[in-house]
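Only one structure is covered here, and it is reproduced in the block below.
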Amino acid sequence: MKEGQPKAIYLKDYKVPPFLIEETNLHVDIHDDVTTVTTTLKVVKNSEAASEDQVHLVLDGSKDLATQSVAIDGRALTDNEYRVDDDELSVFEVPEQFELTTTIQIKPQDNTALEGLYKSGDMYCTQCEAEGFRNITWYLDRPDVMSKYTTTVVADKASYPILLSNGNDIDRGEEGDRHWVTWQDPFMKPAYLFALVAGDLQHIEDEFVTMSGRKVKLQIFTEPHNIDKVDYAMLSLKNSMKWDEEVYGREYDLDVFMIVAVESFNMGAMENKGLNIFNTSCVLAHPETTTDAAYQRVESVVGHEYFHNWSGNRVTCRDWFQLSLKEGFTVLRDQQFSADMGSPTVCRVNDVAVLRSAQFPEDAGPMAHAIRPDSFIEINNFYTATVYEKGAEVVGMIRTLLGPERFRVGTDLYFDRHDGQAVTTEDFVKAMEDANGVDFTQFRTWYRQAGTPVLDVTGAYDQSAKTFTLNVKQSCPATPGQDQKDPYHMPLKVGLLDEEGNDIRFPVLGLDVSSVDEASGFSAILNLTQAEQEFVFRGIESKPTPSLLRGFSAPVKLRYEYSREELRFLMSHDSDGFNRWEAGQRLALDVIQEIVGQIEAGEEVTVDEHLMAAFDANLTQALEGDKDPNLDKAMIAHMLVLPATSYLIEMSEVANVDAIHQAREAVRTAIAKKLSGLLLSVYKLNQKDVPYQAQAQQIAERALKNVALGYLMQPEDTEMVNLCVYQYESATNMTDRSAALRALVGSAAEAAQEPKEKALNDFYNRFQHEALVIDQWFAIQATCSLPGTLERVKALMDHDAFDIKVPNRMRGLVAQFAMNNIVNFHEASGGGYEFLADRVIELNGINPQMAARILSPLTRWRKYDEERQALMKEQLQRILEVEGISPDVYEIVTKSL
């Protein structure tokens with residue numbers, strides 16, 4: 001490592017904080033040119049810390065803090081009593097307890113990294129997780145230092161009439177043309193949960209009555225031009241509060257709950273105590289500007305941040321290695337909430353699709369880490385799919401093994417035992433054990449091992465003994481720093497289908513099962529604990545078809561040699577909705593991989609009739625209505641979508657990008673041509689002229705219709721182009737309009753070229769003042785798989801509406817191209833790699849966090865052929881050699897190389 005390069009921080013080196021801060025008093029005086037922050041801290045030495053660590057007080061900060069004064073108990077310190085470095089304030093020889101007062105000046109308007117206090121448009125706002133508070137004032141910026149906060153915000157009344165912070169509004173006043181508001185948060189919290197907002201905002205207001213009869217004022221703030229788009233977020237908030245009371249027994253604790261929508265935000269949203277700050281993309285919703293998927297995201301994210309009030313705020317994490325303690329658990333909670341608000345099976349399919357497209361590749365790459373990592377250089381790099389999505393799966397497995405009722409007993413104990421504390425993942429698992437009298441010693445392997453486990457399963461039927469035997473072998477590939485893996489404890493949910501497709505009732509006596517499904521007799525949750533296990537199902541009258549890993553009961557890769565006919569059978573009959581979808585995905589994957597082989601061998605491409613017959617059956621079911629209660633329109637829409645290119649690449653040893661793309665397109669075209677009549681009938685049946693509602697039945701109908709439209713636009717058919725243009729022009733909602741635009745932009749048909757450009761121009765002109773819609777306009781063009789897209793993306797960077805400093809805009813164009821346009825990003829010349837490296841280098845000096853986040857496509861170079869590997873490594877090396885490389889980018893590049 002070169003001298004001066006960032007160094008790793010290790011979990012094993014954790015030490016309790018030498019000092020504690022009992023009270024924090026902030027006075028934030030905002031002016032257009034400079035902001036002055038006066039901070040008074042009530043500091044005490046920590047009785048649990050070593051005395052040698054308590055001689056000097058060392059506070060975290062940044063080079064952007066211009067220190068004006070430092071005082072102890074009202075006495076100004078001289079220069080030889082303290083020292084200011086770039087990121088530390090050292091105060092020498094402090095007493096047992098004292099008040100420390102610092103005054104600093106900062107310039108939020110110049111803060112392009114968007115960490116700490118910054119300006120988003122004309123609004124001042126904060127983002128302090130993970131370590132942004134140190135950009136506001138000198139502090140012990142670590143999650144295990146919890147304090148009570150009183151915050152006074154002062155600003156010009158005309159420019160910033162709304163002044164917000166955490167807790168309850170306890171005082172306010174005016175001084176000439178300036179005014180101030182004082183907020184007090186009665187709950188102890190770490191600095192990362194601090195929030196402040198100052199702006200010219202409007203709000204809507206509502207009320208929620210808690211289960212104990214308390215009235216809570218609910219407010220959602222946004223800039224005036226967006227005030228008509230926050231009603232759905234308010235509905236989602238009230239639904240979240242009610243759901244958390246009913247399912248987890250958690251009641252809100254303050255008198256007010258506020259949400260603020262911010263346009264420039266590195267994340268989706270932030271759960272600051274009582275004052276949640278949201279990216280506008282996660283709170284604004286209106287039929288004309290918001291898709292069904294975006295409506296669902298609003299509901300999910302509002303729920304997620306609200307649920308953090310207990311799983312993250314009232315009980316927080318001791319250190320950042322425990323990040324999954326709050327994020328994994330809360331993702332599980334928001335997944336449960338979304339499932340209860342809509343279709344549980346569809347939600348499960350969506351959750352697993354995200355896991356496979358984002359987390360499985362992470363587990364197989366250079367940044368693979370356990371959900372509780374052992375070390376990091378920059379904590380911002382560990383806000384990953386592993387911590388969030390895999391973390392949720394791990395907590396979900398505990399719920400599966402215990403059952404919903406016993407899991408609730410465990411969460412009650414966890415919240416009661418640790419309310420007001422900063423704790424670890426171990427504390428969470430221990431609460432589950434103590435509440436239920438179980439031993440999860442082996443289960444803890446999930447918290448310390450990286451990688452995606454693989455289950456190799458075989459089945460054997462013995463007619464004479466009437467037994468069906470499953471042999472299960474588990475393994476896990478080596479990951480960086482972990483060559484040897486211990487066996488996991490995991491639930492494997494299994495059902496058996498008879499020749500008619502009915503679930504077979506079987507005794508569980510003699511099976512190593514969790515207690516959850518013992519009584520049902522139709523499925524068992526097997527306890528996998530060994531490298532190899534055998535499970536014998538007795539009383540099975542005929543050879544069954546096993547339905548394995550029902551509900552995706554563990555985050556693993558399953559290998560079982562199903563025939564294509566068996567997969568078709570499961571698609572048609574399995575009572576487990578997830579496994580019906582999974583059978584379709586496996587069948588499509590098998591067929592596409594076969595076609596990749598045909599392309600590589602120069603053979604004629606043929607699409608297996610099993611897949612065509614399966615799609616025929618699904619489309620027929622869509623026309624017949626609710627004939628099959630396990631297959632509604634929402635599920636059929638999902639079952640008609642082929643595996644994503646990213647998943648196809650993940651399932652390849654060495655990914656032939658061009659062949660994979662050609663194979664997938666060949667299957668889409670074959671389906672479109674052979675089943676065009678059915679597709680058109682499904683489209684017309686679900687083209688409804690009704691007022692828009694973000695309601696399950698309508699969402700399902702639109703999803704099914706637009707999947708059909710996507711297929712119908714595959715062949716070069718002028719009539720279908722006209723149909724697509726008509727949908728675009730007549731659409732009354734963003735879901736239908738954007739689906740038609742995407743289909744036009746992705747069409748190679750000659751007849752689509754002129755309508756495509758006309759629609760793109762119309763879309764922009766129609767929505768040019770709607771920032772989130774223009775983000776979508778960029779994304780639709782960036783993800784077009786047709787040749788020439790890279791040049792179009794480069795040209796769009798010069799568009800008046802593009803600004804790389806705005807995270808949503810950068811994500812809409814640059815990140816969408818690099819992450820979701822596989823064929824063009826990996827174009828053989830390496831132009832896509834160079835383009836992304838240029839953007840990473842540019843962002844490194846503007847917003848290092850975002851620079852690091854868009855790097856991931858380059859880190860997976862080992863997955864591709866030698867020529868592409870060399871080109872990708874060349875760009876990584878070029879990034880590494882940049883002068884002033886940030887710790888965020890440095891960590892990812894060095895681990896990748």
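Each chain in the structure tokens gets a letter, A, B and so on, in the order shown; residues start at 1 in every chain, and ligands are counted from 1 in the order they appear.
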**Study point:** Residues flagged strand (DSSP E or B) by DSSP in region 303-387 of chain A, as a list in words
**Key:** Ser311, Val315, Thr316, Cys317, Ser375 and Phe376 of chain A
Review point. Residues at most 9 Å from Lys273 (chain A), counting only C-alpha atoms, excluding those fewer than 2 positions away in the same chain, as a list in words?
Key: Asn166, Gly167, Asp185, Phe187, Lys189, Leu193, Phe194, Ala195, Phe257, Glu271, Leu275, Asn276, His308, Asn309, Asn313 and Arg314 of chain A
Would you mind exporting N, CA, C and O atoms of the selected residues as a compact mmCIF listing (two decimals), in the first residue's frame?
```txt
# COMPACT_ATOMS: atom_id res chain seq x y z
N ASN A 166 -34.96 17.14 14.58
CA ASN A 166 -35.54 15.97 15.22
C ASN A 166 -36.36 16.33 16.46
O ASN A 166 -36.03 17.27 17.17
N GLY A 167 -37.40 15.55 16.72
CA GLY A 167 -38.13 15.65 17.97
C GLY A 167 -39.34 16.55 17.92
O GLY A 167 -40.07 16.61 16.93
N ASP A 185 -35.31 16.50 21.03
CA ASP A 185 -35.59 15.07 20.87
C ASP A 185 -35.41 14.40 22.23
O ASP A 185 -34.29 14.37 22.76
N PHE A 187 -35.41 11.35 23.03
CA PHE A 187 -34.83 10.02 22.98
C PHE A 187 -33.33 10.09 22.68
O PHE A 187 -32.89 10.86 21.83
N LYS A 189 -30.03 9.26 20.94
CA LYS A 189 -29.76 8.77 19.57
C LYS A 189 -28.30 9.05 19.22
O LYS A 189 -27.67 9.96 19.76
N LEU A 193 -28.33 9.81 13.22
CA LEU A 193 -29.78 10.00 13.11
C LEU A 193 -30.19 11.47 13.22
O LEU A 193 -31.38 11.78 13.23
N PHE A 194 -29.22 12.36 13.30
CA PHE A 194 -29.53 13.79 13.34
C PHE A 194 -30.03 14.26 11.98
O PHE A 194 -29.58 13.80 10.93
N ALA A 195 -30.99 15.21 12.01
CA ALA A 195 -31.50 15.78 10.76
C ALA A 195 -31.84 17.24 10.95
O ALA A 195 -32.23 17.68 12.04
N PHE A 257 -44.57 13.19 13.36
CA PHE A 257 -43.71 12.44 12.44
C PHE A 257 -43.69 13.21 11.12
O PHE A 257 -44.74 13.50 10.55
N GLU A 271 -33.86 7.44 7.90
CA GLU A 271 -34.82 7.26 9.00
C GLU A 271 -34.58 8.17 10.19
O GLU A 271 -35.01 7.86 11.30
N LEU A 275 -37.88 12.81 11.80
CA LEU A 275 -37.76 13.69 10.63
C LEU A 275 -37.08 12.90 9.52
O LEU A 275 -35.88 13.00 9.32
N ASN A 276 -37.85 12.11 8.81
CA ASN A 276 -37.30 11.30 7.72
C ASN A 276 -37.05 12.16 6.50
O ASN A 276 -37.93 12.93 6.09
N HIS A 308 -37.94 1.63 10.84
CA HIS A 308 -36.66 1.87 11.50
C HIS A 308 -36.84 2.54 12.87
O HIS A 308 -35.91 2.50 13.69
N ASN A 309 -37.98 3.18 13.12
CA ASN A 309 -38.15 3.87 14.40
C ASN A 309 -37.85 2.94 15.56
O ASN A 309 -37.33 3.36 16.59
N ASN A 313 -33.63 2.81 15.37
CA ASN A 313 -33.56 4.04 16.16
C ASN A 313 -33.66 3.76 17.66
O ASN A 313 -32.72 4.03 18.40
N ARG A 314 -34.79 3.22 18.09
CA ARG A 314 -34.93 2.89 19.52
C ARG A 314 -33.89 1.83 19.91
O ARG A 314 -33.33 1.87 21.01
```
Check your understanding: Between CA of Ile379 (chain A) and CA of Asp110 (chain A), what is the distance, to one decimal in Å?
Key -> 22.9 Å
**Study point:** Selection: 7 Å around Thr479 (chain A), only C-alpha atoms, excl. self and same-chain fewer than 2 positions, as a ChimeraX atom specification
**Key:** /A:368,450-451,477,481-483
Output the selection as a tab-separated table (two decimals), in the first residue's frame - all heavy atoms for each residue.
```
chain	number	residue	atom	x	y	z
A	368	ALA	N	-17.14	-9.47	-2.17
A	368	ALA	CA	-17.93	-10.39	-1.35
A	368	ALA	C	-17.60	-10.18	0.12
A	368	ALA	O	-16.44	-10.09	0.51
A	368	ALA	CB	-17.64	-11.83	-1.77
A	450	ALA	N	-19.12	-15.23	3.94
A	450	ALA	CA	-19.59	-14.66	2.68
A	450	ALA	C	-19.87	-15.77	1.69
A	450	ALA	O	-19.51	-16.93	1.90
A	450	ALA	CB	-18.55	-13.69	2.13
A	451	GLY	N	-20.47	-15.41	0.57
A	451	GLY	CA	-20.71	-16.38	-0.50
A	451	GLY	C	-22.12	-16.90	-0.52
A	451	GLY	O	-22.84	-16.86	0.49
A	477	PRO	N	-18.81	-21.67	-2.25
A	477	PRO	CA	-17.53	-21.36	-2.91
A	477	PRO	C	-16.64	-20.49	-2.04
A	477	PRO	O	-17.11	-19.75	-1.16
A	477	PRO	CB	-17.95	-20.59	-4.18
A	477	PRO	CG	-19.42	-20.75	-4.29
A	477	PRO	CD	-19.95	-21.08	-2.95
A	481	GLY	N	-10.52	-14.08	1.32
A	481	GLY	CA	-10.21	-14.24	2.73
A	481	GLY	C	-10.89	-15.41	3.41
A	481	GLY	O	-10.66	-15.66	4.60
A	482	GLN	N	-11.74	-16.14	2.68
A	482	GLN	CA	-12.45	-17.29	3.25
A	482	GLN	C	-12.40	-18.46	2.28
A	482	GLN	O	-13.31	-18.63	1.46
A	482	GLN	CB	-13.90	-16.94	3.58
A	482	GLN	CG	-14.07	-15.92	4.69
A	482	GLN	CD	-15.54	-15.68	5.03
A	482	GLN	OE1	-16.46	-16.07	4.29
A	482	GLN	NE2	-15.80	-15.04	6.16
A	483	ASP	N	-11.36	-19.25	2.35
A	483	ASP	CA	-11.23	-20.39	1.44
A	483	ASP	C	-12.05	-21.59	1.90
A	483	ASP	O	-12.60	-22.33	1.09
A	483	ASP	CB	-9.76	-20.80	1.32
A	483	ASP	CG	-8.93	-19.74	0.61
A	483	ASP	OD1	-9.52	-18.97	-0.19
A	483	ASP	OD2	-7.72	-19.65	0.87
```
Check your understanding: Please, which residues of region 435-601 of chain A, numbered as in this document, come out alpha helix (DSSP H) from DSSP, as a count of residues only?
Key -> 40
Mind checking which residues fall within 9 Å of Asn135 (chain A), counting only C-alpha atoms, ignoring those fewer than 6 positions away in the same chain, and posting them as a PDB file with all heavy atoms, in the first residue's frame?
```
ATOM      1  N   ASP A  60     -14.276  13.562  16.110  1.00  0.00           N
ATOM      2  CA  ASP A  60     -14.244  13.407  14.654  1.00  0.00           C
ATOM      3  C   ASP A  60     -14.721  14.692  13.985  1.00  0.00           C
ATOM      4  O   ASP A  60     -15.610  15.384  14.478  1.00  0.00           O
ATOM      5  CB  ASP A  60     -15.167  12.258  14.225  1.00  0.00           C
ATOM      6  CG  ASP A  60     -14.800  10.947  14.902  1.00  0.00           C
ATOM      7  OD1 ASP A  60     -13.661  10.509  14.730  1.00  0.00           O
ATOM      8  OD2 ASP A  60     -15.672  10.395  15.614  1.00  0.00           O
ATOM      9  N   GLY A  61     -14.133  14.980  12.810  1.00  0.00           N
ATOM     10  CA  GLY A  61     -14.553  16.133  12.032  1.00  0.00           C
ATOM     11  C   GLY A  61     -14.081  15.994  10.609  1.00  0.00           C
ATOM     12  O   GLY A  61     -13.854  14.874  10.125  1.00  0.00           O
ATOM     13  N   SER A  62     -13.930  17.118   9.915  1.00  0.00           N
ATOM     14  CA  SER A  62     -13.435  17.086   8.543  1.00  0.00           C
ATOM     15  C   SER A  62     -12.659  18.359   8.256  1.00  0.00           C
ATOM     16  O   SER A  62     -12.719  19.339   9.009  1.00  0.00           O
ATOM     17  CB  SER A  62     -14.596  16.939   7.552  1.00  0.00           C
ATOM     18  OG  SER A  62     -15.267  18.177   7.390  1.00  0.00           O
ATOM     19  N   LYS A  63     -11.951  18.354   7.152  1.00  0.00           N
ATOM     20  CA  LYS A  63     -11.152  19.512   6.757  1.00  0.00           C
ATOM     21  C   LYS A  63     -12.011  20.729   6.431  1.00  0.00           C
ATOM     22  O   LYS A  63     -11.510  21.843   6.356  1.00  0.00           O
ATOM     23  CB  LYS A  63     -10.280  19.160   5.545  1.00  0.00           C
ATOM     24  CG  LYS A  63     -11.053  18.735   4.309  1.00  0.00           C
ATOM     25  CD  LYS A  63     -10.121  18.381   3.165  1.00  0.00           C
ATOM     26  CE  LYS A  63     -10.881  17.846   1.961  1.00  0.00           C
ATOM     27  NZ  LYS A  63     -11.940  18.713   1.466  1.00  0.00           N
ATOM     28  N   ASP A  64     -13.316  20.510   6.243  1.00  0.00           N
ATOM     29  CA  ASP A  64     -14.200  21.617   5.897  1.00  0.00           C
ATOM     30  C   ASP A  64     -14.718  22.379   7.110  1.00  0.00           C
ATOM     31  O   ASP A  64     -15.463  23.354   6.963  1.00  0.00           O
ATOM     32  CB  ASP A  64     -15.393  21.094   5.086  1.00  0.00           C
ATOM     33  CG  ASP A  64     -14.952  20.499   3.754  1.00  0.00           C
ATOM     34  OD1 ASP A  64     -14.018  21.056   3.153  1.00  0.00           O
ATOM     35  OD2 ASP A  64     -15.528  19.477   3.333  1.00  0.00           O
ATOM     36  N   LEU A  65     -14.343  21.944   8.332  1.00  0.00           N
ATOM     37  CA  LEU A  65     -14.752  22.651   9.535  1.00  0.00           C
ATOM     38  C   LEU A  65     -13.735  23.750   9.850  1.00  0.00           C
ATOM     39  O   LEU A  65     -12.593  23.458  10.208  1.00  0.00           O
ATOM     40  CB  LEU A  65     -14.853  21.698  10.735  1.00  0.00           C
ATOM     41  CG  LEU A  65     -15.771  20.469  10.606  1.00  0.00           C
ATOM     42  CD1 LEU A  65     -15.807  19.703  11.917  1.00  0.00           C
ATOM     43  CD2 LEU A  65     -17.173  20.861  10.184  1.00  0.00           C
ATOM     44  N   ILE A 106     -18.988  26.462   8.235  1.00  0.00           N
ATOM     45  CA  ILE A 106     -18.990  25.560   7.080  1.00  0.00           C
ATOM     46  C   ILE A 106     -19.715  26.232   5.927  1.00  0.00           C
ATOM     47  O   ILE A 106     -20.418  27.233   6.110  1.00  0.00           O
ATOM     48  CB  ILE A 106     -19.678  24.203   7.407  1.00  0.00           C
ATOM     49  CG1 ILE A 106     -21.081  24.437   8.006  1.00  0.00           C
ATOM     50  CG2 ILE A 106     -18.819  23.355   8.329  1.00  0.00           C
ATOM     51  CD1 ILE A 106     -21.856  23.167   8.277  1.00  0.00           C
ATOM     52  N   GLU A 115     -22.947  14.863   1.994  1.00  0.00           N
ATOM     53  CA  GLU A 115     -22.817  14.212   3.293  1.00  0.00           C
ATOM     54  C   GLU A 115     -22.645  15.298   4.349  1.00  0.00           C
ATOM     55  O   GLU A 115     -21.735  16.111   4.257  1.00  0.00           O
ATOM     56  CB  GLU A 115     -21.625  13.269   3.313  1.00  0.00           C
ATOM     57  CG  GLU A 115     -21.759  12.094   2.366  1.00  0.00           C
ATOM     58  CD  GLU A 115     -20.567  11.160   2.460  1.00  0.00           C
ATOM     59  OE1 GLU A 115     -20.562  10.299   3.356  1.00  0.00           O
ATOM     60  OE2 GLU A 115     -19.636  11.308   1.651  1.00  0.00           O
ATOM     61  N   GLY A 116     -23.500  15.298   5.365  1.00  0.00           N
ATOM     62  CA  GLY A 116     -23.511  16.375   6.337  1.00  0.00           C
ATOM     63  C   GLY A 116     -24.612  17.351   5.998  1.00  0.00           C
ATOM     64  O   GLY A 116     -25.713  16.958   5.577  1.00  0.00           O
ATOM     65  N   LEU A 117     -24.358  18.645   6.153  1.00  0.00           N
ATOM     66  CA  LEU A 117     -25.318  19.691   5.791  1.00  0.00           C
ATOM     67  C   LEU A 117     -24.969  20.216   4.401  1.00  0.00           C
ATOM     68  O   LEU A 117     -23.825  20.579   4.137  1.00  0.00           O
ATOM     69  CB  LEU A 117     -25.266  20.832   6.818  1.00  0.00           C
ATOM     70  CG  LEU A 117     -26.193  22.030   6.585  1.00  0.00           C
ATOM     71  CD1 LEU A 117     -27.661  21.615   6.660  1.00  0.00           C
ATOM     72  CD2 LEU A 117     -25.894  23.141   7.588  1.00  0.00           C
ATOM     73  N   CYS A 128     -26.606  12.269   7.418  1.00  0.00           N
ATOM     74  CA  CYS A 128     -25.537  11.995   8.382  1.00  0.00           C
ATOM     75  C   CYS A 128     -25.146  10.530   8.488  1.00  0.00           C
ATOM     76  O   CYS A 128     -24.125  10.229   9.109  1.00  0.00           O
ATOM     77  CB  CYS A 128     -25.934  12.533   9.757  1.00  0.00           C
ATOM     78  SG  CYS A 128     -26.049  14.339   9.792  1.00  0.00           S
TER      79      CYS A 128
END
```
Point to revise | Non-local contacts of His286 (chain A) (9 Å; only C-alpha atoms; under 4 positions in same chain excluded) as a list of chain:residue names | key: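 Returned residues: A:Asp228, A:Lys229, A:Val230, A:Asp231, A:Tyr232, A:Thr290, A:Thr291, A:Tyr295, A:Asn733, A:Met734.
For the residues A:Leu284, A:Ile774, A:Ala233, A:Val438, ranking by smallest atom-to-atom distance to Asp206 (chain A) using only C-alpha atoms places A:Ala233 first.
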**Study point:** Selection near Gly746 (chain A), 10 Å with only C-alpha atoms, sequence-local residues under 3 positions removed, as a list in words
**Key:**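 Counting only the stated atoms, we get Gly710, Met713, Gln714, Ala740, Leu741, Arg742, Ala743, Ala749, Ala752, Gln753, Lys756, Ile780, Gln781, Thr783, Cys784, Ser785 and Leu786 of chain A.
Distance annotation: of A:Glu81, A:Thr210, A:Met267, A:Val154, the residue with the minimal separation from Ala130 (chain A) is A:Met267; atom set is only C-alpha atoms.
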Review point. From the list A:Gly403, A:Pro480, A:Gly845, A:Gly437, which residue is nearest Pro366 (chain A) when using only C-alpha atoms?
Key: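 Closest candidate: A:Pro480.
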Review point. With only C-alpha atoms as the atoms that count, which of A:Glu791, A:Asp574, A:Arg868, A:Trp581 lies nearest to Val657 (chain A)?
Key: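 Checking each candidate against Val657 (chain A), we get A:Arg868 as the closest.
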